[in-house]
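coords25.txt follows; it contains compact mmCIF, C-alpha atoms.
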```txt
# COMPACT_ATOMS: atom_id res chain seq x y z
CA MET T 6 -17.85 6.78 22.89
CA SER T 7 -20.79 6.06 20.62
CA HIS T 8 -18.73 5.03 17.63
CA THR T 9 -20.60 1.79 16.99
CA ASN T 10 -23.95 3.54 16.63
CA HIS T 11 -23.44 4.90 13.13
CA HIS T 12 -22.61 3.30 9.84
CA VAL T 13 -19.33 4.93 8.89
CA PRO T 14 -18.29 4.77 5.21
CA THR T 15 -15.41 2.39 4.47
CA ILE T 16 -13.44 5.21 2.87
CA VAL T 17 -13.56 7.16 6.15
CA ILE T 18 -12.31 4.14 8.11
CA GLY T 19 -9.46 3.84 5.60
CA ARG T 20 -8.31 7.38 6.43
CA LEU T 21 -8.27 6.92 10.22
CA PRO T 22 -4.94 5.01 10.23
CA LEU T 23 -3.37 7.89 8.30
CA TYR T 24 -4.64 10.39 10.90
CA LEU T 25 -3.31 8.14 13.66
CA ARG T 26 0.10 7.85 11.98
CA ALA T 27 0.37 11.63 11.54
CA LEU T 28 -0.67 12.24 15.16
CA THR T 29 1.89 9.72 16.46
CA GLN T 30 4.59 11.43 14.44
CA LEU T 31 3.62 14.82 15.91
CA ALA T 32 3.66 13.28 19.41
CA VAL T 33 7.15 11.88 18.80
CA GLU T 34 8.21 15.42 17.85
CA GLY T 35 7.03 16.55 21.26
CA ARG T 36 3.84 18.27 20.11
CA ARG T 37 0.67 18.29 22.25
CA VAL T 38 -1.91 20.08 20.12
CA THR T 39 -2.64 20.13 16.38
CA SER T 40 -5.31 21.40 13.99
CA SER T 41 -7.26 20.08 11.03
CA GLN T 42 -5.27 22.61 8.96
CA GLU T 43 -1.94 21.12 10.02
CA LEU T 44 -3.17 17.56 9.46
CA SER T 45 -4.47 18.68 6.06
CA GLU T 46 -1.01 19.93 5.05
CA LYS T 47 0.65 16.72 6.21
CA LEU T 48 -1.85 14.35 4.59
CA GLY T 49 -3.25 16.11 1.55
CA PHE T 50 -6.94 15.80 2.53
CA SER T 51 -8.90 19.02 3.04
CA SER T 52 -9.30 20.22 6.62
CA ALA T 53 -13.09 20.11 6.14
CA GLN T 54 -12.77 16.43 5.18
CA ILE T 55 -10.71 15.69 8.28
CA ARG T 56 -13.16 17.47 10.60
CA LYS T 57 -16.08 15.65 8.99
CA ASP T 58 -14.38 12.24 9.23
CA LEU T 59 -13.58 12.71 12.92
CA SER T 60 -17.06 14.05 13.69
CA TYR T 61 -18.49 10.56 13.02
CA PHE T 62 -16.93 9.50 16.30
CA GLY T 63 -17.57 12.46 18.59
CA GLU T 64 -16.33 15.95 19.43
CA PHE T 65 -12.54 15.91 19.43
CA GLY T 66 -11.62 19.49 18.59
CA LYS T 67 -12.49 22.76 20.23
CA GLN T 68 -13.11 25.83 18.09
CA GLY T 69 -9.91 27.86 18.18
CA THR T 70 -7.77 25.43 20.19
CA GLY T 71 -7.56 22.42 17.86
CA TYR T 72 -7.08 18.77 18.78
CA GLU T 73 -5.33 17.36 21.84
CA ILE T 74 -2.92 14.96 20.14
CA GLU T 75 -2.65 12.29 22.86
CA PHE T 76 -6.40 12.23 23.46
CA LEU T 77 -7.18 11.89 19.75
CA GLU T 78 -4.48 9.24 19.30
CA ASN T 79 -5.96 7.15 22.10
CA ALA T 80 -9.48 7.59 20.74
CA LEU T 81 -8.41 6.48 17.25
CA ARG T 82 -6.57 3.46 18.68
CA GLU T 83 -9.75 2.47 20.51
CA ILE T 84 -11.95 3.03 17.43
CA LEU T 85 -9.59 1.01 15.20
CA GLN T 86 -9.24 -1.61 17.96
CA VAL T 87 -5.46 -1.30 18.01
CA ASP T 88 -5.44 -0.43 21.72
CA ARG T 89 -4.32 -4.09 21.94
CA VAL T 90 -1.87 -6.29 20.01
CA TRP T 91 -3.27 -8.67 17.37
CA ASN T 92 -1.52 -11.94 16.59
CA MET T 93 -0.93 -12.56 12.88
CA ALA T 94 0.03 -15.48 10.68
CA LEU T 95 2.61 -14.85 7.96
CA VAL T 96 2.37 -17.14 4.95
CA GLY T 97 5.47 -17.18 2.75
CA ALA T 98 9.06 -17.29 4.04
CA GLY T 99 10.81 -15.96 0.92
CA ASP T 100 12.55 -12.58 0.60
CA LEU T 101 9.36 -10.64 1.31
CA GLY T 102 8.46 -12.95 4.23
CA HIS T 103 11.92 -12.35 5.69
CA ALA T 104 11.49 -8.58 5.36
CA LEU T 105 8.07 -8.74 7.06
CA ALA T 106 9.25 -11.08 9.84
CA ASN T 107 12.09 -8.69 10.64
CA TYR T 108 10.01 -5.50 10.30
CA ASP T 109 10.03 -3.75 13.67
CA GLY T 110 7.11 -1.40 12.99
CA PHE T 111 4.26 -3.81 13.75
CA GLU T 112 4.15 -4.19 17.51
CA LEU T 113 4.05 -0.51 18.50
CA ARG T 114 1.05 -0.08 16.19
CA GLY T 115 -1.01 -3.08 17.27
CA PHE T 116 0.29 -6.21 15.54
CA ARG T 117 2.77 -9.07 15.90
CA ILE T 118 3.54 -12.11 13.77
CA THR T 119 3.18 -15.28 15.87
CA ALA T 120 3.17 -18.06 13.26
CA ILE T 121 5.00 -18.41 9.92
CA PHE T 122 4.23 -20.92 7.17
CA ASP T 123 5.80 -22.04 3.90
CA SER T 124 5.35 -24.98 1.55
CA ALA T 125 9.03 -25.37 0.53
CA PRO T 126 10.76 -28.28 2.33
CA ALA T 127 14.00 -26.25 2.38
CA LYS T 128 12.35 -23.49 4.39
CA ILE T 129 10.20 -25.54 6.78
CA GLY T 130 11.83 -25.91 10.19
CA ALA T 131 14.22 -22.98 9.73
CA MET T 132 14.09 -20.11 12.21
CA LEU T 133 12.75 -16.79 10.93
CA GLY T 134 12.85 -14.03 13.52
CA ASN T 135 11.59 -15.67 16.71
CA TRP T 136 9.65 -18.41 14.96
CA ARG T 137 10.24 -21.75 13.31
CA VAL T 138 8.70 -21.95 9.82
CA LEU T 139 5.79 -24.41 9.86
CA PRO T 140 4.58 -26.57 6.98
CA MET T 141 1.62 -25.24 5.00
CA ASP T 142 -0.47 -28.32 5.75
CA THR T 143 -0.63 -27.27 9.42
CA LEU T 144 -1.89 -23.77 8.54
CA ARG T 145 -5.61 -24.28 9.03
CA GLU T 146 -5.39 -26.12 12.34
CA THR T 147 -2.72 -23.78 13.75
CA VAL T 148 -4.54 -20.52 13.09
CA ARG T 149 -7.72 -22.08 14.45
CA ALA T 150 -6.01 -23.38 17.61
CA GLN T 151 -4.17 -20.10 18.22
CA LYS T 152 -7.29 -18.01 17.48
CA ILE T 153 -5.41 -15.97 14.86
CA TYR T 154 -7.79 -13.64 13.01
CA LEU T 155 -5.29 -11.75 10.83
CA ALA T 156 -2.86 -13.03 8.22
CA ILE T 157 -0.33 -11.71 5.72
CA ILE T 158 -0.04 -13.46 2.35
CA ALA T 159 3.50 -13.16 0.94
CA VAL T 160 3.50 -16.03 -1.57
CA PRO T 161 3.60 -15.97 -5.41
CA ALA T 162 0.38 -15.01 -7.18
CA ALA T 163 -0.31 -18.56 -8.34
CA ALA T 164 -0.37 -19.87 -4.76
CA ALA T 165 -2.29 -17.02 -3.12
CA GLN T 166 -5.89 -18.14 -3.62
CA ALA T 167 -5.27 -21.59 -2.12
CA VAL T 168 -3.58 -19.96 0.87
CA ALA T 169 -6.52 -17.56 1.30
CA ASP T 170 -8.97 -20.49 1.23
CA GLU T 171 -7.04 -22.29 3.99
CA LEU T 172 -6.81 -19.12 6.09
CA VAL T 173 -10.54 -18.49 5.83
CA GLN T 174 -11.30 -22.11 6.74
CA GLY T 175 -9.06 -21.70 9.78
CA GLY T 176 -11.07 -18.70 10.96
CA VAL T 177 -8.96 -15.81 9.68
CA ARG T 178 -11.13 -12.73 9.13
CA ALA T 179 -8.74 -10.19 7.61
CA ILE T 180 -5.92 -10.65 5.10
CA LEU T 181 -3.11 -8.31 4.09
CA ASN T 182 -2.35 -9.49 0.55
CA TYR T 183 1.06 -8.84 -1.02
CA ALA T 184 0.50 -11.29 -3.89
CA PRO T 185 -0.17 -9.51 -7.19
CA THR T 186 -3.63 -11.02 -7.64
CA THR T 187 -7.19 -10.36 -6.50
CA LEU T 188 -8.41 -12.87 -3.92
CA SER T 189 -11.89 -14.32 -3.96
CA VAL T 190 -13.16 -14.60 -0.37
CA PRO T 191 -16.56 -14.63 1.38
CA PRO T 192 -18.07 -11.14 1.77
CA GLN T 193 -17.48 -10.93 5.53
CA ILE T 194 -13.70 -11.42 5.08
CA LYS T 195 -11.66 -8.21 4.76
CA VAL T 196 -8.77 -8.04 2.30
CA PHE T 197 -6.29 -5.16 1.97
CA HIS T 198 -4.16 -5.40 -1.17
CA ILE T 199 -0.60 -4.02 -1.08
CA ASP T 200 0.01 -3.11 -4.73
CA PRO T 201 3.21 -1.14 -5.37
CA VAL T 202 2.35 -0.65 -9.05
CA ALA T 203 -0.94 1.09 -8.24
CA GLY T 204 1.07 3.48 -6.08
CA LEU T 205 3.58 4.10 -8.88
CA GLN T 206 0.82 4.63 -11.44
CA SER T 207 -0.89 7.23 -9.25
CA MET T 208 2.35 9.26 -9.46
CA THR T 209 3.27 8.90 -13.15
CA TYR T 210 0.10 10.84 -14.02
CA TYR T 211 1.89 13.93 -12.70
CA LEU T 212 5.29 13.41 -14.37
CA MET I 17 -8.36 13.17 -25.42
CA SER I 18 -8.67 16.40 -23.45
CA HIS I 19 -7.50 15.00 -20.14
CA THR I 20 -4.97 17.70 -19.45
CA ASN I 21 -7.54 20.49 -19.67
CA HIS I 22 -9.15 19.95 -16.26
CA HIS I 23 -7.78 19.91 -12.76
CA VAL I 24 -8.62 16.41 -11.58
CA PRO I 25 -8.63 15.81 -7.79
CA THR I 26 -5.71 13.75 -6.48
CA ILE I 27 -8.10 11.25 -4.93
CA VAL I 28 -9.62 10.54 -8.37
CA ILE I 29 -6.16 9.97 -9.87
CA GLY I 30 -5.45 7.53 -7.03
CA ARG I 31 -8.45 5.41 -8.02
CA LEU I 32 -7.55 5.15 -11.72
CA PRO I 33 -4.86 2.47 -11.16
CA LEU I 34 -7.46 0.37 -9.32
CA TYR I 35 -9.87 0.67 -12.27
CA LEU I 36 -7.04 -0.25 -14.64
CA ARG I 37 -6.09 -3.28 -12.54
CA ALA I 38 -9.70 -4.51 -12.43
CA LEU I 39 -10.11 -4.00 -16.18
CA THR I 40 -6.91 -5.90 -16.93
CA GLN I 41 -8.10 -8.76 -14.76
CA LEU I 42 -11.41 -8.88 -16.65
CA ALA I 43 -9.52 -8.82 -19.97
CA VAL I 44 -7.35 -11.75 -18.82
CA GLU I 45 -10.58 -13.62 -18.07
CA GLY I 46 -11.56 -13.08 -21.70
CA ARG I 47 -14.17 -10.39 -21.09
CA ARG I 48 -14.75 -7.55 -23.58
CA VAL I 49 -17.39 -5.35 -21.93
CA THR I 50 -18.07 -4.34 -18.33
CA SER I 51 -20.26 -1.88 -16.41
CA SER I 52 -19.83 0.62 -13.59
CA GLN I 53 -22.00 -1.78 -11.53
CA GLU I 54 -19.59 -4.66 -12.06
CA LEU I 55 -16.55 -2.49 -11.32
CA SER I 56 -18.37 -1.25 -8.21
CA GLU I 57 -18.81 -4.80 -6.93
CA LYS I 58 -15.16 -5.64 -7.59
CA LEU I 59 -13.72 -2.48 -6.06
CA GLY I 60 -16.13 -1.31 -3.35
CA PHE I 61 -16.65 2.20 -4.74
CA SER I 62 -20.17 3.19 -5.79
CA SER I 63 -21.02 2.93 -9.48
CA ALA I 64 -21.93 6.65 -9.45
CA GLN I 65 -18.43 7.41 -8.14
CA ILE I 66 -16.83 5.33 -10.89
CA ARG I 67 -18.87 7.00 -13.64
CA LYS I 68 -18.08 10.44 -12.22
CA ASP I 69 -14.34 9.68 -11.96
CA LEU I 70 -14.14 8.46 -15.55
CA SER I 71 -16.21 11.38 -16.86
CA TYR I 72 -13.33 13.73 -16.04
CA PHE I 73 -11.52 12.22 -19.01
CA GLY I 74 -14.23 11.85 -21.62
CA GLU I 75 -17.16 9.65 -22.62
CA PHE I 76 -16.16 6.02 -22.16
CA GLY I 77 -19.46 4.26 -21.55
CA LYS I 78 -22.62 4.07 -23.59
CA GLN I 79 -25.96 4.02 -21.81
CA GLY I 80 -27.11 0.41 -21.68
CA THR I 81 -24.01 -1.17 -23.19
CA GLY I 82 -21.34 -0.34 -20.60
CA TYR I 83 -17.60 0.06 -21.11
CA GLU I 84 -15.42 -1.51 -23.81
CA ILE I 85 -12.71 -3.03 -21.62
CA GLU I 86 -9.76 -2.82 -24.03
CA PHE I 87 -10.59 0.74 -25.08
CA LEU I 88 -10.92 1.91 -21.47
CA GLU I 89 -7.72 0.08 -20.46
CA ASN I 90 -5.77 1.81 -23.21
CA ALA I 91 -7.26 5.18 -22.33
CA LEU I 92 -6.35 4.76 -18.65
CA ARG I 93 -2.80 3.68 -19.56
CA GLU I 94 -2.45 6.82 -21.66
CA ILE I 95 -3.91 9.06 -18.93
CA LEU I 96 -1.63 7.55 -16.27
CA GLN I 97 1.30 7.67 -18.71
CA VAL I 98 2.00 3.95 -18.35
CA ASP I 99 1.61 3.34 -22.09
CA ARG I 100 5.45 3.26 -21.88
CA VAL I 101 7.95 1.68 -19.44
CA TRP I 102 9.55 3.89 -16.77
CA ASN I 103 13.05 3.15 -15.49
CA MET I 104 13.34 3.07 -11.71
CA ALA I 105 16.13 3.15 -9.15
CA LEU I 106 15.85 0.75 -6.21
CA VAL I 107 17.64 1.87 -3.05
CA GLY I 108 18.22 -0.90 -0.50
CA ALA I 109 19.40 -4.43 -1.34
CA GLY I 110 18.19 -6.17 1.81
CA ASP I 111 15.36 -8.72 2.03
CA LEU I 112 12.77 -6.24 0.77
CA GLY I 113 15.10 -5.04 -1.99
CA HIS I 114 15.57 -8.64 -3.09
CA ALA I 115 11.82 -9.20 -3.16
CA LEU I 116 11.29 -6.04 -5.24
CA ALA I 117 14.18 -6.79 -7.62
CA ASN I 118 12.71 -10.23 -8.29
CA TYR I 119 9.08 -9.06 -8.51
CA ASP I 120 7.79 -9.85 -11.99
CA GLY I 121 4.72 -7.62 -11.88
CA PHE I 122 6.37 -4.32 -12.73
CA GLU I 123 7.17 -4.45 -16.43
CA LEU I 124 3.75 -5.41 -17.76
CA ARG I 125 2.28 -2.46 -15.87
CA GLY I 126 4.75 0.22 -16.92
CA PHE I 127 7.89 -0.01 -14.77
CA ARG I 128 11.30 -1.64 -14.55
CA ILE I 129 14.17 -1.41 -12.09
CA THR I 130 17.37 -0.40 -13.93
CA ALA I 131 19.71 0.59 -11.08
CA ILE I 132 20.12 -0.77 -7.53
CA PHE I 133 22.01 0.89 -4.68
CA ASP I 134 23.10 -0.02 -1.16
CA SER I 135 25.52 1.41 1.40
CA ALA I 136 26.73 -1.91 2.88
CA PRO I 137 30.16 -2.96 1.57
CA ALA I 138 29.07 -6.62 1.70
CA LYS I 139 26.23 -5.95 -0.74
CA ILE I 140 27.94 -3.55 -3.16
CA GLY I 141 29.10 -5.33 -6.30
CA ALA I 142 26.85 -8.37 -5.83
CA MET I 143 24.35 -9.24 -8.57
CA LEU I 144 20.68 -8.74 -7.76
CA GLY I 145 18.37 -9.79 -10.56
CA ASN I 146 20.01 -8.43 -13.72
CA TRP I 147 21.93 -5.70 -11.96
CA ARG I 148 25.08 -5.21 -9.95
CA VAL I 149 24.46 -3.37 -6.67
CA LEU I 150 26.08 0.08 -6.83
CA PRO I 151 27.49 2.09 -3.93
CA MET I 152 25.23 4.74 -2.45
CA ASP I 153 27.72 7.51 -3.15
CA THR I 154 27.13 7.04 -6.89
CA LEU I 155 23.35 7.41 -6.49
CA ARG I 156 22.93 11.06 -7.38
CA GLU I 157 25.14 11.03 -10.46
CA THR I 158 23.77 7.72 -11.75
CA VAL I 159 20.08 8.67 -11.61
CA ARG I 160 20.93 12.00 -13.18
CA ALA I 161 23.01 10.43 -15.99
CA GLN I 162 20.40 7.72 -16.67
CA LYS I 163 17.50 10.22 -16.50
CA ILE I 164 15.71 8.12 -13.88
CA TYR I 165 12.64 9.94 -12.55
CA LEU I 166 11.21 7.24 -10.27
CA ALA I 167 12.74 5.48 -7.28
CA ILE I 168 11.84 2.94 -4.63
CA ILE I 169 13.18 3.42 -1.10
CA ALA I 170 13.64 0.08 0.69
CA VAL I 171 16.09 1.06 3.43
CA PRO I 172 15.61 1.30 7.24
CA ALA I 173 13.64 4.29 8.52
CA ALA I 174 16.72 6.01 9.92
CA ALA I 175 18.40 6.09 6.48
CA ALA I 176 15.37 7.03 4.37
CA GLN I 177 15.46 10.83 4.53
CA ALA I 178 19.12 11.03 3.45
CA VAL I 179 18.33 8.69 0.54
CA ALA I 180 15.34 10.82 -0.45
CA ASP I 181 17.50 13.97 -0.41
CA GLU I 182 20.06 12.34 -2.74
CA LEU I 183 17.33 11.09 -5.08
CA VAL I 184 15.74 14.52 -5.33
CA GLN I 185 19.12 16.13 -5.99
CA GLY I 186 19.68 13.61 -8.77
CA GLY I 187 16.42 14.62 -10.45
CA VAL I 188 14.01 11.94 -9.19
CA ARG I 189 10.44 13.25 -9.19
CA ALA I 190 8.42 10.41 -7.64
CA ILE I 191 9.29 8.07 -4.77
CA LEU I 192 7.66 4.84 -3.64
CA ASN I 193 8.57 4.75 0.05
CA TYR I 194 8.63 1.43 1.94
CA ALA I 195 10.50 2.88 4.95
CA PRO I 196 8.20 3.36 7.96
CA THR I 197 8.71 7.11 8.12
CA THR I 198 7.32 10.25 6.52
CA LEU I 199 9.72 11.85 4.05
CA SER I 200 10.22 15.57 3.80
CA VAL I 201 10.59 16.55 0.13
CA PRO I 202 9.95 19.66 -2.00
CA PRO I 203 6.26 20.15 -2.88
CA GLN I 204 6.67 19.19 -6.54
CA ILE I 205 8.06 15.72 -5.62
CA LYS I 206 5.46 12.94 -5.35
CA VAL I 207 5.72 10.35 -2.58
CA PHE I 208 3.57 7.23 -2.22
CA HIS I 209 3.96 5.54 1.15
CA ILE I 210 3.57 1.75 1.35
CA ASP I 211 2.42 1.25 4.95
CA PRO I 212 1.27 -2.28 5.79
CA VAL I 213 0.16 -1.26 9.28
CA ALA I 214 -2.27 1.35 7.94
CA GLY I 215 -3.80 -1.43 5.82
CA LEU I 216 -4.08 -3.74 8.82
CA GLN I 217 -5.60 -1.00 10.99
CA SER I 218 -8.26 -0.27 8.38
CA MET I 219 -9.42 -3.89 8.79
CA THR I 220 -9.27 -4.32 12.59
CA TYR I 221 -12.04 -1.73 12.89
CA TYR I 222 -14.39 -4.39 11.50
CA LEU I 223 -13.23 -7.35 13.61
```

Mind turning the file's structure into structure tokens?
Amino acid sequence: MSHTNHHVPTIVIGRLPLYLRALTQLAVEGRRVTSSQELSEKLGFSSAQIRKDLSYFGEFGKQGTGYEIEFLENALREILQVDRVWNMALVGAGDLGHALANYDGFELRGFRITAIFDSAPAKIGAMLGNWRVLPMDTLRETVRAQKIYLAIIAVPAAAAQAVADELVQGGVRAILNYAPTTLSVPPQIKVFHIDPVAGLQSMTYYL
Amino acid sequence: MSHTNHHVPTIVIGRLPLYLRALTQLAVEGRRVTSSQELSEKLGFSSAQIRKDLSYFGEFGKQGTGYEIEFLENALREILQVDRVWNMALVGAGDLGHALANYDGFELRGFRITAIFDSAPAKIGAMLGNWRVLPMDTLRETVRAQKIYLAIIAVPAAAAQAVADELVQGGVRAILNYAPTTLSVPPQIKVFHIDPVAGLQSMTYYL
């Protein structure tokens, strides 16, 4: 697959996980073949958009017969590099941290939490899922030693930037940020911001 | 403002909350004017894209002087209909429900939780934030009586579709879905899916 030869727009990369999720759901339903039209109806992007996005990475569909679901799923997993399982650090052992630590949707889709940190003495040392909560001042050395490249920030907004700084110094290269604040990080570090209000606001337009 | 006269693509509407969030952050920093270039650097969309998106709704920028932040913020709030506060139902009083009930970022941006539901006898009747957790079998009548049009689903995947059905029957028109499953709803109902794994997968491509 020649998928590293082209520069693919970020917005296209952002849609690939949605295609993968829809394909996996179809596979679970026992389906073997789909079409850009069906994916379009499920996802709300035009079928032309879907065909164009996928064409960056090769020829997946055949005129008239559509896409082989399992083949396209595997190709997207390889492209997105989730044909493996990535270790993640979780920072913040509050309510949200508990929900994330107990979330069972990570591992099947390429991720697992392997280290959990908090700054509150009452939380440090407690078990959360399979892991003992570690003190924040061990964050940098732990993620470095364990070669953890991904982290989830689930701390209050006021604490998030300091956490991000420590993560980056420890070698983390991508951050899923639940804190309601924009993080300032070096340009090579990826940040994905989970912002429930932005989602709500994109719906109230239509009400 | 003639913003209801055109059909604006869904994808454009989805970017408006990100513009609004960036503008609010600039305002908090004491700034009064910005440019499509600056917004482009903050958000990762091209400045041409930003100008085109905003031009659907009128003339906000002046050549050479940029955008008045407060004016554009207020216009976007009006367009997105968050120049008011929407009542929301929260379904699910587990760890995630607790995190959402205690989240202080809703009200300033147009939303507040005013009813909380769960099906577990141990949770029903307990206080969560300002509210007593109500039994699930009162969901439909309560959202209907309180004229609640927005809801957050924070229940396990297996329970989510039944919750969505009840919400829709009670008159809810937009759902923020945290459950890791795709909901089947009538076409006029809006659903925004919070999927942390899709966010993570959009970053592993670059690692």

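Among the candidates T:Arg37, T:Arg137, T:Lys128, T:Arg82, the residue lying nearest to chain I is T:Arg82 (atoms considered: only C-alpha atoms).
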
May I have the residues within 8 Å of region 105-120 of chain I as a list in words, using all atoms listed in the file and disregarding those fewer than 2 positions away in the same chain? Gly99, Asp100, Leu101, His103 and Ala104 of chain T; Asn103, Phe122, Glu123, Ile129, Thr130, Ala131, Ile132, Phe133, Asp134, Ser135, Lys139, Leu144, Gly145, Val149, Val159, Ile164, Leu166, Ala167, Ile168, Ile169, Ala170, Val171 and Val179 of chain I

Given the point (-19.2, 4.3, -15.8) in the coordinates of this file, which residues lie within 6 Å, counting only C-alpha atoms, and how would they look as a ChimeraX atom specification? /I:52,66-67,77

Select, as a PDB file with C-alpha atoms, in the frame of the given file, those residues of chain I with any atom no more than 6 Å from chain T (distances computed using all atoms listed in the file).
```pdb
ATOM      1  CA  ILE I  29      -6.160   9.970  -9.870  1.00  0.00           C
ATOM      2  CA  GLY I  30      -5.450   7.530  -7.030  1.00  0.00           C
ATOM      3  CA  PRO I  33      -4.860   2.470 -11.160  1.00  0.00           C
ATOM      4  CA  LEU I  96      -1.630   7.550 -16.270  1.00  0.00           C
ATOM      5  CA  GLN I  97       1.300   7.670 -18.710  1.00  0.00           C
ATOM      6  CA  ASP I 111      15.360  -8.720   2.030  1.00  0.00           C
ATOM      7  CA  LEU I 112      12.770  -6.240   0.770  1.00  0.00           C
ATOM      8  CA  ALA I 115      11.820  -9.200  -3.160  1.00  0.00           C
ATOM      9  CA  PHE I 208       3.570   7.230  -2.220  1.00  0.00           C
ATOM     10  CA  ALA I 214      -2.270   1.350   7.940  1.00  0.00           C
ATOM     11  CA  GLY I 215      -3.800  -1.430   5.820  1.00  0.00           C
ATOM     12  CA  SER I 218      -8.260  -0.270   8.380  1.00  0.00           C
ATOM     13  CA  THR I 220      -9.270  -4.320  12.590  1.00  0.00           C
ATOM     14  CA  TYR I 221     -12.040  -1.730  12.890  1.00  0.00           C
TER      15      TYR I 221
END
```

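Taking only C-alpha atoms into account, Val13 (chain T) lies nearest to T:Asp58 out of the set T:Asp58, T:Glu46, T:Glu34, T:Glu64.
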
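Comparing the minimum interatomic distances between Gln174 (chain T) and each of T:Leu188, T:Phe76, T:Arg145, T:Val33, counting only C-alpha atoms, we find that T:Arg145 sits nearest.
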
If you measure from CA of Ala80 (chain T) to CA of Leu44 (chain T), what distance in Å do you get, rounded to one decimal? 16.3 Å

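Atom pair CA of Thr39 (chain T) / CA of Ser60 (chain T): separated by 15.9 Å.
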
re CA of Ser63 (chain I) and CA of Leu124 (chain I): distance 27.4 Å

Incomplete region 136-149 of chain I brought to N, CA and C atoms, written out as a PDB file, in the coordinates of the input:
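Result file is selection_8.pdb:
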```pdb
ATOM      1  N   ALA I 136      25.954  -0.893   2.153  1.00  0.00           N
ATOM      2  CA  ALA I 136      26.730  -1.910   2.880  1.00  0.00           C
ATOM      3  C   ALA I 136      27.809  -2.491   1.974  1.00  0.00           C
ATOM      4  N   PRO I 137      29.071  -2.424   2.402  1.00  0.00           N
ATOM      5  CA  PRO I 137      30.160  -2.960   1.570  1.00  0.00           C
ATOM      6  C   PRO I 137      29.926  -4.407   1.160  1.00  0.00           C
ATOM      7  N   ALA I 138      29.293  -5.194   2.023  1.00  0.00           N
ATOM      8  CA  ALA I 138      29.070  -6.620   1.700  1.00  0.00           C
ATOM      9  C   ALA I 138      28.089  -6.801   0.555  1.00  0.00           C
ATOM     10  N   LYS I 139      27.242  -5.808   0.321  1.00  0.00           N
ATOM     11  CA  LYS I 139      26.230  -5.950  -0.740  1.00  0.00           C
ATOM     12  C   LYS I 139      26.680  -5.310  -2.049  1.00  0.00           C
ATOM     13  N   ILE I 140      27.513  -4.273  -1.958  1.00  0.00           N
ATOM     14  CA  ILE I 140      27.940  -3.550  -3.160  1.00  0.00           C
ATOM     15  C   ILE I 140      28.728  -4.487  -4.067  1.00  0.00           C
ATOM     16  N   GLY I 141      28.390  -4.493  -5.344  1.00  0.00           N
ATOM     17  CA  GLY I 141      29.100  -5.330  -6.300  1.00  0.00           C
ATOM     18  C   GLY I 141      28.438  -6.671  -6.542  1.00  0.00           C
ATOM     19  N   ALA I 142      27.563  -7.096  -5.626  1.00  0.00           N
ATOM     20  CA  ALA I 142      26.850  -8.370  -5.830  1.00  0.00           C
ATOM     21  C   ALA I 142      25.782  -8.189  -6.903  1.00  0.00           C
ATOM     22  N   MET I 143      25.431  -9.292  -7.580  1.00  0.00           N
ATOM     23  CA  MET I 143      24.350  -9.240  -8.570  1.00  0.00           C
ATOM     24  C   MET I 143      23.016  -9.394  -7.845  1.00  0.00           C
ATOM     25  N   LEU I 144      22.046  -8.618  -8.278  1.00  0.00           N
ATOM     26  CA  LEU I 144      20.680  -8.740  -7.760  1.00  0.00           C
ATOM     27  C   LEU I 144      19.778  -8.649  -8.986  1.00  0.00           C
ATOM     28  N   GLY I 145      19.071  -9.744  -9.296  1.00  0.00           N
ATOM     29  CA  GLY I 145      18.370  -9.790 -10.560  1.00  0.00           C
ATOM     30  C   GLY I 145      19.383  -9.602 -11.687  1.00  0.00           C
ATOM     31  N   ASN I 146      19.105  -8.676 -12.584  1.00  0.00           N
ATOM     32  CA  ASN I 146      20.010  -8.430 -13.720  1.00  0.00           C
ATOM     33  C   ASN I 146      21.085  -7.411 -13.425  1.00  0.00           C
ATOM     34  N   TRP I 147      21.127  -6.884 -12.212  1.00  0.00           N
ATOM     35  CA  TRP I 147      21.930  -5.700 -11.960  1.00  0.00           C
ATOM     36  C   TRP I 147      22.933  -5.905 -10.848  1.00  0.00           C
ATOM     37  N   ARG I 148      24.068  -5.218 -11.000  1.00  0.00           N
ATOM     38  CA  ARG I 148      25.080  -5.210  -9.950  1.00  0.00           C
ATOM     39  C   ARG I 148      24.746  -4.080  -8.979  1.00  0.00           C
ATOM     40  N   VAL I 149      24.793  -4.382  -7.676  1.00  0.00           N
ATOM     41  CA  VAL I 149      24.460  -3.370  -6.670  1.00  0.00           C
ATOM     42  C   VAL I 149      25.552  -2.307  -6.631  1.00  0.00           C
TER      43      VAL I 149
END
```
